[in-house]
file coords10.cif (mmCIF, C-alpha atoms)
data_my_file
#
loop_
_atom_site.label_atom_id
_atom_site.label_comp_id
_atom_site.auth_asym_id
_atom_site.auth_seq_id
_atom_site.Cartn_x
_atom_site.Cartn_y
_atom_site.Cartn_z
CA MET A 25 126.42 122.90 132.76
CA ARG A 26 126.56 125.77 130.28
CA HIS A 27 129.47 127.29 128.40
CA THR A 28 129.77 130.63 126.72
CA ALA A 29 132.44 132.49 124.79
CA THR A 30 133.95 135.42 126.64
CA ALA A 31 132.61 138.66 125.19
CA GLY A 32 135.02 140.35 122.81
CA THR A 33 137.37 137.40 122.46
CA GLY A 34 138.21 135.02 119.63
CA PRO A 35 137.81 131.25 119.62
CA ALA A 36 140.99 130.72 121.65
CA MET A 37 139.29 132.30 124.69
CA ARG A 38 136.51 130.77 126.74
CA ARG A 39 134.76 131.09 130.09
CA ILE A 40 132.93 128.40 132.04
CA ASP A 41 129.69 128.99 133.86
CA THR A 42 129.89 126.40 136.64
CA ALA A 43 126.45 126.89 138.15
CA GLY A 44 125.28 123.45 139.18
CA ALA A 45 128.63 121.85 138.39
CA SER A 46 130.10 119.01 140.42
CA PRO A 47 132.62 119.81 143.20
CA ALA A 48 135.44 118.51 141.01
CA MET A 49 134.44 120.91 138.27
CA ARG A 50 134.12 123.91 140.59
CA ARG A 51 137.51 123.12 142.13
CA VAL A 52 139.26 123.73 138.79
CA ALA A 53 137.15 126.49 137.32
CA PRO A 54 138.16 129.59 139.34
CA ALA A 55 141.82 129.48 138.28
CA ARG A 56 140.90 128.85 134.66
CA ALA A 57 137.92 131.04 133.94
CA GLY A 58 138.70 133.39 131.09
CA LEU A 59 142.09 131.79 130.46
CA ALA A 60 143.23 131.76 126.83
CA MET A 61 143.46 128.30 125.34
CA ARG A 62 147.07 128.28 124.15
CA ARG A 63 147.91 124.64 124.89
CA ILE A 64 145.45 121.89 124.03
CA ALA A 65 146.28 118.25 124.70
CA ILE A 66 144.42 115.40 123.05
CA ALA A 67 144.66 112.06 124.84
CA GLY A 68 144.17 109.52 122.08
CA ALA A 69 145.53 109.69 118.55
CA GLY A 70 142.73 107.90 116.72
CA LEU A 71 139.87 109.12 114.56
CA ALA A 72 138.12 111.18 117.27
CA GLY A 73 141.40 112.81 118.33
CA LEU A 74 142.38 113.63 114.76
CA THR A 75 138.95 115.06 113.96
CA ALA A 76 139.14 117.24 117.07
CA ALA A 77 142.57 118.57 116.08
CA GLN A 78 141.39 119.30 112.55
CA GLU A 79 138.34 121.13 113.83
CA LEU A 80 140.47 123.24 116.18
CA ARG A 81 142.58 124.41 113.24
CA ARG A 82 139.52 124.95 111.06
CA LEU A 83 138.10 127.24 113.74
CA GLY A 84 141.25 129.35 113.63
CA TYR A 85 142.91 128.08 116.78
CA ASP A 86 146.65 128.73 116.38
CA GLY A 87 147.96 127.52 119.74
CA GLU A 88 149.79 124.32 120.61
CA ILE A 89 148.18 120.93 119.96
CA SER A 90 149.73 117.79 121.44
CA LEU A 91 148.35 114.36 120.58
CA VAL A 92 149.25 111.54 122.96
CA GLY A 93 148.66 108.03 121.61
CA ALA A 94 149.33 104.51 122.85
CA GLU A 95 150.05 103.19 119.37
CA ARG A 96 153.12 104.15 117.39
CA HIS A 97 151.02 104.92 114.32
CA ARG A 98 149.36 108.13 113.31
CA PRO A 99 145.57 107.89 112.94
CA TYR A 100 144.17 105.32 110.54
CA ARG A 101 140.83 103.83 109.55
CA ARG A 102 139.87 100.87 111.74
CA PRO A 103 136.83 99.47 109.84
CA PRO A 104 138.95 97.95 107.01
CA LEU A 105 141.11 96.00 109.47
CA SER A 106 138.58 93.15 109.61
CA LYS A 107 137.81 93.26 105.91
CA GLU A 108 139.84 94.47 102.92
CA PHE A 109 143.05 94.98 104.89
CA LEU A 110 143.23 91.24 105.54
CA LEU A 111 142.70 90.49 101.86
CA ASP A 112 145.01 93.02 100.22
CA PRO A 113 148.64 93.55 101.29
CA GLU A 114 148.57 96.91 99.48
CA ALA A 115 145.54 98.25 101.35
CA ASP A 116 146.17 101.73 102.73
CA VAL A 117 144.27 102.68 105.88
CA ALA A 118 146.11 105.91 106.79
CA LEU A 119 143.87 108.90 107.43
CA PRO A 120 144.82 112.03 105.48
CA GLY A 121 145.75 115.41 106.93
CA THR A 122 147.92 114.38 109.86
CA GLY A 123 150.91 116.31 108.54
CA GLU A 124 149.01 119.55 108.09
CA LEU A 125 148.05 120.25 111.70
CA GLY A 126 151.23 121.78 113.04
CA ALA A 127 150.79 119.43 115.99
CA THR A 128 153.18 117.58 118.28
CA TRP A 129 152.71 113.81 118.01
CA LEU A 130 153.65 111.89 121.17
CA LEU A 131 153.09 108.31 120.07
CA GLY A 132 153.88 104.88 121.41
CA HIS A 133 153.25 105.80 125.05
CA PRO A 134 149.69 106.16 126.40
CA ALA A 135 148.42 108.67 128.91
CA THR A 136 148.74 107.08 132.36
CA GLY A 137 147.00 109.65 134.55
CA LEU A 138 145.35 113.04 134.75
CA ASP A 139 146.28 115.83 137.17
CA LEU A 140 143.14 117.87 136.69
CA ALA A 141 143.94 120.60 139.20
CA GLY A 142 147.49 121.00 137.88
CA ARG A 143 146.37 120.78 134.25
CA ARG A 144 148.83 118.01 133.38
CA LEU A 145 148.45 114.87 131.31
CA LEU A 146 150.67 112.20 132.84
CA ARG A 147 152.71 109.70 130.78
CA GLY A 148 154.38 107.40 133.29
CA ASP A 149 158.10 108.17 133.56
CA LEU A 150 157.94 110.52 130.59
CA GLU A 151 157.50 114.28 130.85
CA PRO A 152 153.88 115.28 131.52
CA VAL A 153 152.00 117.33 128.93
CA ALA A 154 150.76 120.65 130.30
CA PHE A 155 147.48 121.94 128.94
CA ASP A 156 144.88 124.65 129.17
CA GLY A 157 142.31 122.47 127.47
CA LEU A 158 142.06 118.68 127.15
CA ILE A 159 140.15 116.37 124.84
CA ILE A 160 139.88 112.77 126.01
CA ALA A 161 139.65 110.42 123.03
CA THR A 162 141.42 107.27 124.24
CA GLY A 163 138.81 104.99 122.71
CA ALA A 164 138.19 101.45 123.90
CA ARG A 165 140.19 98.29 124.50
CA ALA A 166 139.32 94.74 123.48
CA ARG A 167 137.44 92.70 126.04
CA THR A 168 139.18 89.57 127.24
CA LEU A 169 137.98 86.05 127.87
CA PRO A 170 137.29 85.22 131.51
CA GLY A 171 139.87 82.92 133.00
CA THR A 172 142.46 82.38 135.67
CA GLY A 173 144.65 85.33 134.86
CA ALA A 174 147.10 83.53 132.56
CA ARG A 175 148.27 85.86 129.83
CA ALA A 176 148.09 84.67 126.25
CA THR A 177 150.95 85.47 123.92
CA THR A 178 149.78 87.37 120.87
CA LEU A 179 151.08 86.70 117.37
CA PRO A 180 154.69 87.74 116.73
CA GLY A 181 155.02 91.42 115.92
CA THR A 182 151.60 92.38 117.20
CA GLY A 183 150.94 95.32 119.47
CA GLY A 184 147.60 93.78 120.49
CA ARG A 185 146.48 93.10 124.00
CA ALA A 186 146.89 89.56 125.25
CA THR A 187 143.76 87.69 126.31
CA THR A 188 143.09 86.15 129.69
CA LEU A 189 142.51 82.43 129.18
CA PRO A 190 143.55 79.25 131.03
CA GLY A 191 146.32 77.29 129.38
CA THR A 192 147.51 80.00 127.02
CA ALA A 193 150.52 81.36 128.91
CA GLY A 194 153.31 81.57 126.33
CA LEU A 195 151.12 79.91 123.69
CA PRO A 196 151.18 81.71 120.31
CA GLY A 197 148.07 81.78 118.18
CA VAL A 198 145.65 83.53 120.54
CA VAL A 199 145.02 87.08 119.36
CA THR A 200 142.68 90.02 119.53
CA LEU A 201 142.07 92.40 116.64
CA ARG A 202 141.95 95.99 117.79
CA GLY A 203 144.79 97.86 116.13
CA LEU A 204 146.91 98.04 112.99
CA ASP A 205 149.72 95.86 114.34
CA ASP A 206 147.16 93.20 115.28
CA ALA A 207 145.77 93.24 111.73
CA ARG A 208 149.21 92.99 110.13
CA ALA A 209 150.12 89.99 112.25
CA LEU A 210 146.76 88.33 111.61
CA ARG A 211 147.12 88.88 107.86
CA ALA A 212 150.56 87.26 107.93
CA ALA A 213 149.20 84.28 109.90
CA LEU A 214 146.44 83.68 107.35
CA GLY A 215 149.07 82.75 104.77
CA ALA A 216 149.46 79.38 106.52
CA ARG A 217 145.73 78.73 105.90
CA PRO A 218 144.90 78.08 109.57
CA ARG A 219 141.81 76.51 111.08
CA VAL A 220 140.26 79.52 112.81
CA VAL A 221 138.05 79.68 115.87
CA LEU A 222 136.40 83.05 116.49
CA ALA A 223 135.20 83.77 120.03
CA GLY A 224 132.32 86.24 119.71
CA ALA A 225 129.77 86.85 116.93
CA GLY A 226 129.26 90.58 117.27
CA PHE A 227 130.21 93.03 114.53
CA LEU A 228 133.92 92.18 114.60
CA GLY A 229 133.51 88.43 114.88
CA SER A 230 130.85 88.32 112.18
CA GLU A 231 132.84 90.48 109.77
CA LEU A 232 135.95 88.39 110.38
CA ALA A 233 134.00 85.21 109.71
CA ALA A 234 132.79 86.62 106.37
CA THR A 235 136.29 87.76 105.40
CA LEU A 236 137.94 84.47 106.31
CA ARG A 237 135.29 82.44 104.48
CA SER A 238 136.00 84.53 101.37
CA LEU A 239 139.52 83.07 101.62
CA ASP A 240 137.96 79.60 101.90
CA LEU A 241 139.40 79.11 105.38
CA PRO A 242 137.64 76.80 107.85
CA VAL A 243 135.89 78.99 110.43
CA THR A 244 134.12 78.09 113.67
CA LEU A 245 132.21 80.97 115.22
CA VAL A 246 131.49 80.59 118.95
CA GLU A 247 128.89 82.89 120.47
CA PRO A 248 127.57 82.88 124.07
CA GLY A 249 124.24 84.37 122.99
CA ARG A 250 121.33 82.67 121.27
CA VAL A 251 122.03 84.44 117.97
CA PRO A 252 124.81 86.56 116.44
CA LEU A 253 124.55 90.34 116.78
CA ARG A 254 121.71 90.01 119.27
CA ARG A 255 122.59 93.15 121.20
CA PRO A 256 122.63 95.59 118.24
CA LEU A 257 119.93 93.88 116.14
CA GLY A 258 117.70 91.81 118.42
CA GLU A 259 116.63 88.15 118.30
CA ARG A 260 114.73 88.06 114.99
CA LEU A 261 117.39 89.73 112.85
CA GLY A 262 120.12 87.91 114.75
CA ALA A 263 118.52 84.66 113.53
CA VAL A 264 118.69 86.00 109.95
CA ILE A 265 122.42 86.67 110.42
CA ALA A 266 122.88 83.15 111.82
CA ASP A 267 121.33 81.68 108.68
CA LEU A 268 123.62 83.88 106.58
CA HIS A 269 126.70 82.55 108.37
CA ARG A 270 125.58 78.93 107.95
CA ALA A 271 124.79 79.47 104.26
CA HIS A 272 128.42 80.48 103.75
CA GLY A 273 129.93 77.47 105.47
CA VAL A 274 130.58 78.82 108.97
CA ASP A 275 130.42 76.26 111.78
CA LEU A 276 128.24 78.25 114.17
CA ARG A 277 128.25 77.28 117.88
CA LEU A 278 125.57 79.32 119.67
CA GLY A 279 125.05 79.44 123.42
CA ARG A 280 128.63 78.33 123.97
CA ARG A 281 131.80 79.94 125.38
CA VAL A 282 135.50 79.33 124.83
CA ILE A 283 137.03 78.38 128.17
CA ALA A 284 140.53 77.10 127.31
CA ALA A 285 143.10 76.65 124.56
CA ALA A 286 146.01 74.21 124.39
CA GLY A 287 148.73 72.94 122.11
CA THR A 288 152.42 72.10 121.81
CA GLY A 289 154.28 75.21 120.77
CA ARG A 290 151.11 77.01 119.66
CA VAL A 291 147.32 76.71 119.70
CA GLU A 292 146.09 73.32 118.47
CA HIS A 293 142.79 72.89 120.32
CA VAL A 294 140.10 75.10 121.84
CA ARG A 295 137.74 73.84 124.55
CA LEU A 296 134.16 75.04 124.94
CA ASP A 297 132.10 75.19 128.11
CA ASP A 298 130.13 72.06 127.15
CA GLY A 299 133.32 70.00 126.90
CA THR A 300 133.58 70.16 123.10
CA VAL A 301 137.17 70.29 121.83
CA LEU A 302 137.65 72.09 118.51
CA PRO A 303 140.78 71.79 116.35
CA ALA A 304 142.32 75.25 115.83
CA ASP A 305 145.50 76.84 114.61
CA LEU A 306 144.30 80.33 115.46
CA LEU A 307 141.93 81.64 118.14
CA VAL A 308 140.70 85.19 117.58
CA VAL A 309 138.97 86.80 120.55
CA ALA A 310 136.25 89.19 119.35
CA LEU A 311 134.10 89.83 122.41
CA GLY A 312 133.63 93.55 121.90
CA ALA A 313 135.35 96.44 123.63
CA GLU A 314 135.20 98.49 126.82
CA PRO A 315 136.16 102.14 127.29
CA GLU A 316 139.79 102.90 128.13
CA LEU A 317 139.23 104.40 131.59
CA GLY A 318 141.90 102.95 133.87
CA TRP A 319 144.22 105.93 133.49
CA LEU A 320 141.46 108.30 134.65
CA HIS A 321 140.70 106.68 138.00
CA GLY A 322 141.17 109.22 140.78
CA SER A 323 141.10 112.14 138.34
CA GLY A 324 137.88 113.66 139.71
CA LEU A 325 135.99 113.11 136.47
CA ARG A 326 132.74 111.20 136.56
CA LEU A 327 133.35 107.71 135.19
CA ASP A 328 130.37 105.46 134.59
CA ARG A 329 130.88 102.98 131.73
CA GLY A 330 132.65 105.83 129.98
CA VAL A 331 133.64 109.44 130.63
CA VAL A 332 130.33 111.12 131.42
CA THR A 333 129.82 114.45 129.67
CA ASP A 334 127.09 117.02 129.27
CA ARG A 335 125.30 117.53 125.95
CA HIS A 336 128.19 119.69 124.75
CA GLY A 337 130.70 116.87 125.27
CA LEU A 338 132.26 118.57 128.32
CA ALA A 339 133.29 116.42 131.29
CA ALA A 340 134.69 119.33 133.34
CA PRO A 341 135.68 122.94 132.65
CA GLY A 342 138.21 122.86 129.84
CA VAL A 343 137.93 119.07 129.49
CA ALA A 344 135.93 117.38 126.73
CA ALA A 345 135.53 113.73 125.72
CA ALA A 346 134.73 112.19 122.37
CA GLY A 347 134.44 108.85 120.60
CA ASP A 348 134.31 105.36 122.10
CA VAL A 349 135.35 106.55 125.56
CA ALA A 350 132.60 109.20 125.93
CA ARG A 351 129.17 108.61 127.47
CA ARG A 352 126.87 111.50 126.75
CA PRO A 353 123.14 112.36 126.74
CA SER A 354 121.23 111.02 123.75
CA VAL A 355 118.79 113.37 122.04
CA LEU A 356 116.81 110.42 120.71
CA LEU A 357 116.44 108.88 124.17
CA GLY A 358 115.44 112.00 126.07
CA GLY A 359 118.85 112.66 127.59
CA GLU A 360 119.68 109.08 128.62
CA LEU A 361 123.44 108.56 128.78
CA VAL A 362 124.80 106.38 125.97
CA ARG A 363 128.20 105.40 124.63
CA VAL A 364 128.43 104.95 120.86
CA GLU A 365 131.27 102.93 119.30
CA HIS A 366 130.70 103.82 115.67
CA TYR A 367 132.93 105.56 113.13
CA SER A 368 130.43 108.34 112.47
CA ALA A 369 130.13 109.09 116.18
CA ALA A 370 133.91 109.50 116.52
CA VAL A 371 133.91 112.04 113.69
CA GLU A 372 130.93 114.03 114.95
CA GLN A 373 131.91 113.97 118.62
CA GLY A 374 135.55 114.85 117.91
CA ALA A 375 134.51 118.01 116.06
CA HIS A 376 131.88 118.81 118.70
CA ALA A 377 134.44 118.47 121.52
CA ALA A 378 136.78 120.93 119.79
CA ARG A 379 134.03 123.48 119.35
CA SER A 380 132.86 123.13 122.95
CA LEU A 381 136.39 123.52 124.27
CA LEU A 382 136.75 126.84 122.43
CA GLY A 383 133.25 128.04 123.27
CA ALA A 384 132.16 127.96 119.62
CA ALA A 385 128.57 127.22 118.71
CA ALA A 386 128.04 123.64 117.60
CA PRO A 387 125.74 122.63 114.75
CA PRO A 388 122.82 120.29 115.50
CA GLY A 389 123.99 116.79 116.30
CA ALA A 390 123.99 114.07 113.65
CA VAL A 391 121.80 110.98 113.77
CA PRO A 392 123.97 108.02 114.91
CA SER A 393 124.66 105.40 112.26
CA PHE A 394 126.74 102.29 111.62
CA TRP A 395 127.47 99.86 108.82
CA CYS A 396 128.70 96.27 108.65
CA ASP A 397 129.71 94.15 105.63
CA LEU A 398 128.70 90.48 105.59
CA TYR A 399 128.96 88.18 102.56
CA GLY A 400 128.15 90.89 100.03
CA HIS A 401 125.40 92.39 102.19
CA ARG A 402 125.94 95.79 103.76
CA LEU A 403 124.02 96.31 106.98
CA ARG A 404 123.25 99.97 107.63
CA SER A 405 121.53 101.60 110.55
CA VAL A 406 120.38 104.98 111.76
CA GLY A 407 119.43 106.00 115.29
CA VAL A 408 119.60 103.50 118.14
CA THR A 409 118.80 99.83 117.67
CA GLY A 410 118.93 96.53 119.49
CA THR A 411 117.52 94.56 122.39
CA GLY A 412 116.68 97.63 124.47
CA TYR A 413 113.93 98.70 122.07
CA ARG A 414 110.80 97.15 120.55
CA PRO A 415 111.61 95.85 117.05
CA ARG A 416 109.23 95.74 114.11
CA LEU A 417 110.23 93.79 111.03
CA VAL A 418 109.07 95.83 108.04
CA HIS A 419 110.52 93.71 105.20
CA LEU A 420 112.23 90.32 105.05
CA GLU A 421 113.08 88.84 101.66
CA PRO A 422 114.17 85.25 100.83
CA ASP A 423 117.53 86.54 99.57
CA GLY A 424 118.38 87.92 103.02
CA ARG A 425 117.43 91.56 102.47
CA PHE A 426 115.54 93.11 105.37
CA LEU A 427 114.33 96.32 106.96
CA ALA A 428 113.45 96.73 110.63
CA GLU A 429 112.59 99.67 112.84
CA TYR A 430 112.97 100.05 116.60
CA GLN A 431 110.62 101.92 118.92
CA ARG A 432 110.58 103.21 122.47
CA ASP A 433 107.35 104.41 124.08
CA GLY A 434 105.62 104.20 120.72
CA ARG A 435 108.17 106.41 118.96
CA VAL A 436 110.66 105.29 116.31
CA VAL A 437 114.24 105.67 117.58
CA GLY A 438 116.16 103.67 114.98
CA ALA A 439 116.14 101.46 111.92
CA VAL A 440 118.45 98.94 110.27
CA THR A 441 118.51 97.43 106.80
CA ALA A 442 120.33 95.24 104.35
CA GLY A 443 119.18 96.19 100.87
CA PHE A 444 116.48 98.82 101.52
CA VAL A 445 118.71 101.90 101.52
CA ARG A 446 116.05 104.31 100.22
CA HIS A 447 113.78 103.44 103.11
CA LEU A 448 116.64 104.06 105.53
CA SER A 449 117.01 107.61 104.19
CA ALA A 450 113.41 108.30 105.15
CA TYR A 451 114.10 107.07 108.68
CA ARG A 452 117.18 109.29 108.88
CA HIS A 453 115.10 112.36 107.99
CA LEU A 454 112.47 111.38 110.56
CA LEU A 455 115.03 110.95 113.33
CA ALA A 456 116.86 114.17 112.39
CA GLU A 457 113.79 116.14 113.47
CA ALA A 458 114.73 115.39 117.09
CA TYR A 459 118.01 117.31 116.59
CA ALA A 460 116.48 120.39 114.97
#
call {"tool": "encode", "arguments": {"input": "coords10.cif", "output": "structure tokens"}}
result
Amino acid sequence: MRHTATAGTGPAMRRIDTAGASPAMRRVAPARAGLAMRRIAIAGAGLAGLTAAQELRRLGYDGEISLVGAERHRPYRRPPLSKEFLLDPEADVALPGTGELGATWLLGHPATGLDLAGRRLLRGDLEPVAFDGLIIATGARARTLPGTGARATTLPGTGGRATTLPGTAGLPGVVTLRGLDDARALRAALGARPRVVLAGAGFLGSELAATLRSLDLPVTLVEPGRVPLRRPLGERLGAVIADLHRAHGVDLRLGRRVIAAAGTGRVEHVRLDDGTVLPADLLVVALGAEPELGWLHGSGLRLDRGVVTDRHGLAAPGVAAAGDVARRPSVLLGGELVRVEHYSAAVEQGAHAARSLLGAAAPPGAVPSFWCDLYGHRLRSVGVTGTGYRPRLVHLEPDGRFLAEYQRDGRVVGAVTAGFVRHLSAYRHLLAEAYA
């Protein structure tokens, strides 16, 4: 799919060339080709949605912008929620610039459906939002524990999603950490100095373990895999992270799953799949996230582990997707579709989606990157990493510093380090050549 600006028009005008487009895309295009973008809706009021809105204004777009968000808060930074926000009651995570957009904020009620042909964003019983252009940035939701369908009660005051776990119906003390309300409730609960069981040793679970140990709280980290962070780092570096957790007093249970929780009035015990019963005052489910797609079923968009887009971030004429919900071709992987859940990707893709919607030329894409803070070590990566690629350990020091690169078909596609930042810059420059 290609897109071009209509000759002689400004950025608020665009035309779609639908040669080779899917039937759903061609069905919408004829009535919209050449239509001025005067009403743009953004489904999702997080970082990607905010960045898109800011880029629209920066490009000179002066039409309506409506941001529809499930949470009642304006956009904020999520990375601190598992770290400094839990340690400092005065921590401010609000993102700047939300009051300068001249936008309509429709918060506290998520998008519930998409009428693509009628150009309407549905909001349940509330009035739909009409649009000429749409940016989908609804992000991802926390994964739940497998179980019988019983709903766990989250901590008082939390807007988090309840987990699915046997024995937890109406039982406080089982919580996920995805949003600001979740983090506030979790921070309040830590004042009672609970015994904490963390289900999942990915980025979130590992960062939470490090934060809670800095408070000298007892922490048991339960991970179904053989090592923590296996998927993004691989086996060898995952073993390094396991040693790091143990060195800081974490009770690490690898190859095990949480299957039940019980207690009188609140969580008191957690049961693992090998029959082990762990004492617990708080069970935090940190099993990763999955794209928020339910509201888009039946919309005509292609959904495949995310909203599938072209290289411009367009899912259909006049419809773009960005951030955790988007699955788009990767330059580094020869066009293979990938979904990236990192802060930097939300920023880059949000701006890219805005430019594509208006038919403006986009700059070369940025090399993906992430960071993670563990016990005074900052893990940083560039490119794509993990179990899907061949790792090569370049440096490993006794103090836990390391540098590893990842290859596919003999070509470097990513690197990760703790402590060798200068080397990582060289990898970033190497990988950036693919985007030139």
call {"tool": "atom_distance", "arguments": {"input": "coords10.cif", "atom1": "CA of Ala161 (chain A)", "atom2": "CA of Ile66 (chain A)"}}
result
6.9 Å
call {"tool": "resolve_selection", "arguments": {"input": "coords10.cif", "expression": "the PyMOL selection byres ((chain A and resi 307-310) around 6)", "output": "PDB file with C-alpha atoms, keeping the file's coordinate frame"}}
result
ATOM      1  CA  VAL A 198     145.650  83.530 120.540  1.00  0.00           C
ATOM      2  CA  VAL A 199     145.020  87.080 119.360  1.00  0.00           C
ATOM      3  CA  THR A 200     142.680  90.020 119.530  1.00  0.00           C
ATOM      4  CA  VAL A 220     140.260  79.520 112.810  1.00  0.00           C
ATOM      5  CA  VAL A 221     138.050  79.680 115.870  1.00  0.00           C
ATOM      6  CA  LEU A 222     136.400  83.050 116.490  1.00  0.00           C
ATOM      7  CA  ALA A 223     135.200  83.770 120.030  1.00  0.00           C
ATOM      8  CA  GLY A 224     132.320  86.240 119.710  1.00  0.00           C
ATOM      9  CA  GLY A 229     133.510  88.430 114.880  1.00  0.00           C
ATOM     10  CA  LEU A 306     144.300  80.330 115.460  1.00  0.00           C
ATOM     11  CA  LEU A 311     134.100  89.830 122.410  1.00  0.00           C
ATOM     12  CA  GLY A 312     133.630  93.550 121.900  1.00  0.00           C
TER      13      GLY A 312
END
call {"tool": "resolve_selection", "arguments": {"input": "coords10.cif", "expression": "the PyMOL selection byres ((chain A and resi 449) around 12)", "output": "list in words"}}
result
Val391, Ser393, Arg404, Ser405, Val406, Gly407, Leu427, Gly438, Ala439, Val440, Thr441, Phe444, Val445, Arg446, His447, Leu448, Ala450, Tyr451, Arg452, His453, Leu454, Leu455 and Ala456 of chain A
call {"tool": "closest_residue", "arguments": {"input": "coords10.cif", "among": "A:Val291, A:Ala375, A:Ala127, A:Leu417", "to": "Leu257 (chain A)", "atoms": "all atoms listed in the file"}}
result
A:Leu417
call {"tool": "closest_residue", "arguments": {"input": "coords10.cif", "among": "A:Ser323, A:Thr300, A:Thr333, A:Thr411", "to": "Leu146 (chain A)", "atoms": "only C-alpha atoms"}}
result
A:Ser323
call {"tool": "closest_residue", "arguments": {"input": "coords10.cif", "among": "A:Thr244, A:Ala313, A:Val294, A:Ala118", "to": "Arg98 (chain A)", "atoms": "all atoms listed in the file"}}
result
A:Ala118
call {"tool": "residues_near_point", "arguments": {"input": "coords10.cif", "point": "(114.7, 112.8, 121.4)", "cutoff": "12 Å", "atoms": "only C-alpha atoms", "output": "JSON, numbers by chain"}}
result
{"A": [353, 354, 355, 356, 357, 358, 359, 360, 389, 391, 407, 408, 431, 432, 433, 435, 436, 437, 438, 454, 455, 456, 457, 458, 459, 460]}
call {"tool": "resolve_selection", "arguments": {"input": "coords10.cif", "expression": "the PyMOL selection byres ((chain A and resi 275) around 10)", "output": "list in words"}}
result
Val221, Ala233, Pro242, Val243, Thr244, Leu245, Val246, His269, Arg270, Ala271, His272, Gly273, Val274, Leu276, Arg277 and Leu278 of chain A
call {"tool": "closest_residue", "arguments": {"input": "coords10.cif", "among": "A:Asp334, A:Glu259, A:Glu124, A:Asp116", "to": "Arg102 (chain A)", "atoms": "all atoms listed in the file"}}
result
A:Asp116
call {"tool": "atom_distance", "arguments": {"input": "coords10.cif", "atom1": "CA of Ala370 (chain A)", "atom2": "CA of Gly400 (chain A)"}}
result
25.5 Å
call {"tool": "residues_around", "arguments": {"input": "coords10.cif", "residues": "Leu268 (chain A)", "least_positions_apart": "6", "cutoff": "9 Å", "atoms": "all atoms listed in the file", "output": "ChimeraX atom specification"}}
result
/A:274,398-399,424
call {"tool": "atom_distance", "arguments": {"input": "coords10.cif", "atom1": "CA of Leu83 (chain A)", "atom2": "CA of Tyr100 (chain A)"}}
result
23.0 Å
call {"tool": "residues_around", "arguments": {"input": "coords10.cif", "residues": "Leu140 (chain A)", "least_positions_apart": "2", "cutoff": "10 Å", "atoms": "all atoms listed in the file", "output": "VMD selection string"}}
result
chain A and resid 48 to 49 51 to 52 137 to 138 142 to 145 155 158 320 322 to 325 340 to 343
call {"tool": "axis_aligned_box", "arguments": {"input": "coords10.cif", "around": "region 246-259 of chain A", "padding_each_side": "8 Å", "output": "JSON"}}
result
{"center_x": 124.1, "center_y": 88.1, "center_z": 120.1, "size_x": 30.9, "size_y": 31.0, "size_z": 23.9}
call {"tool": "residues_around", "arguments": {"input": "coords10.cif", "residues": "region 105-114 of chain A", "least_positions_apart": "5", "cutoff": "8 Å", "atoms": "all atoms listed in the file", "output": "list in words"}}
result
Leu201, Gly203, Leu204, Ala207, Arg208, Leu210, Arg211, Leu228, Glu231, Leu232 and Thr235 of chain A
call {"tool": "closest_residue", "arguments": {"input": "coords10.cif", "among": "A:Gly157, A:Gly374, A:Gly87, A:Pro392", "to": "Thr128 (chain A)", "atoms": "all atoms listed in the file"}}
result
A:Gly87
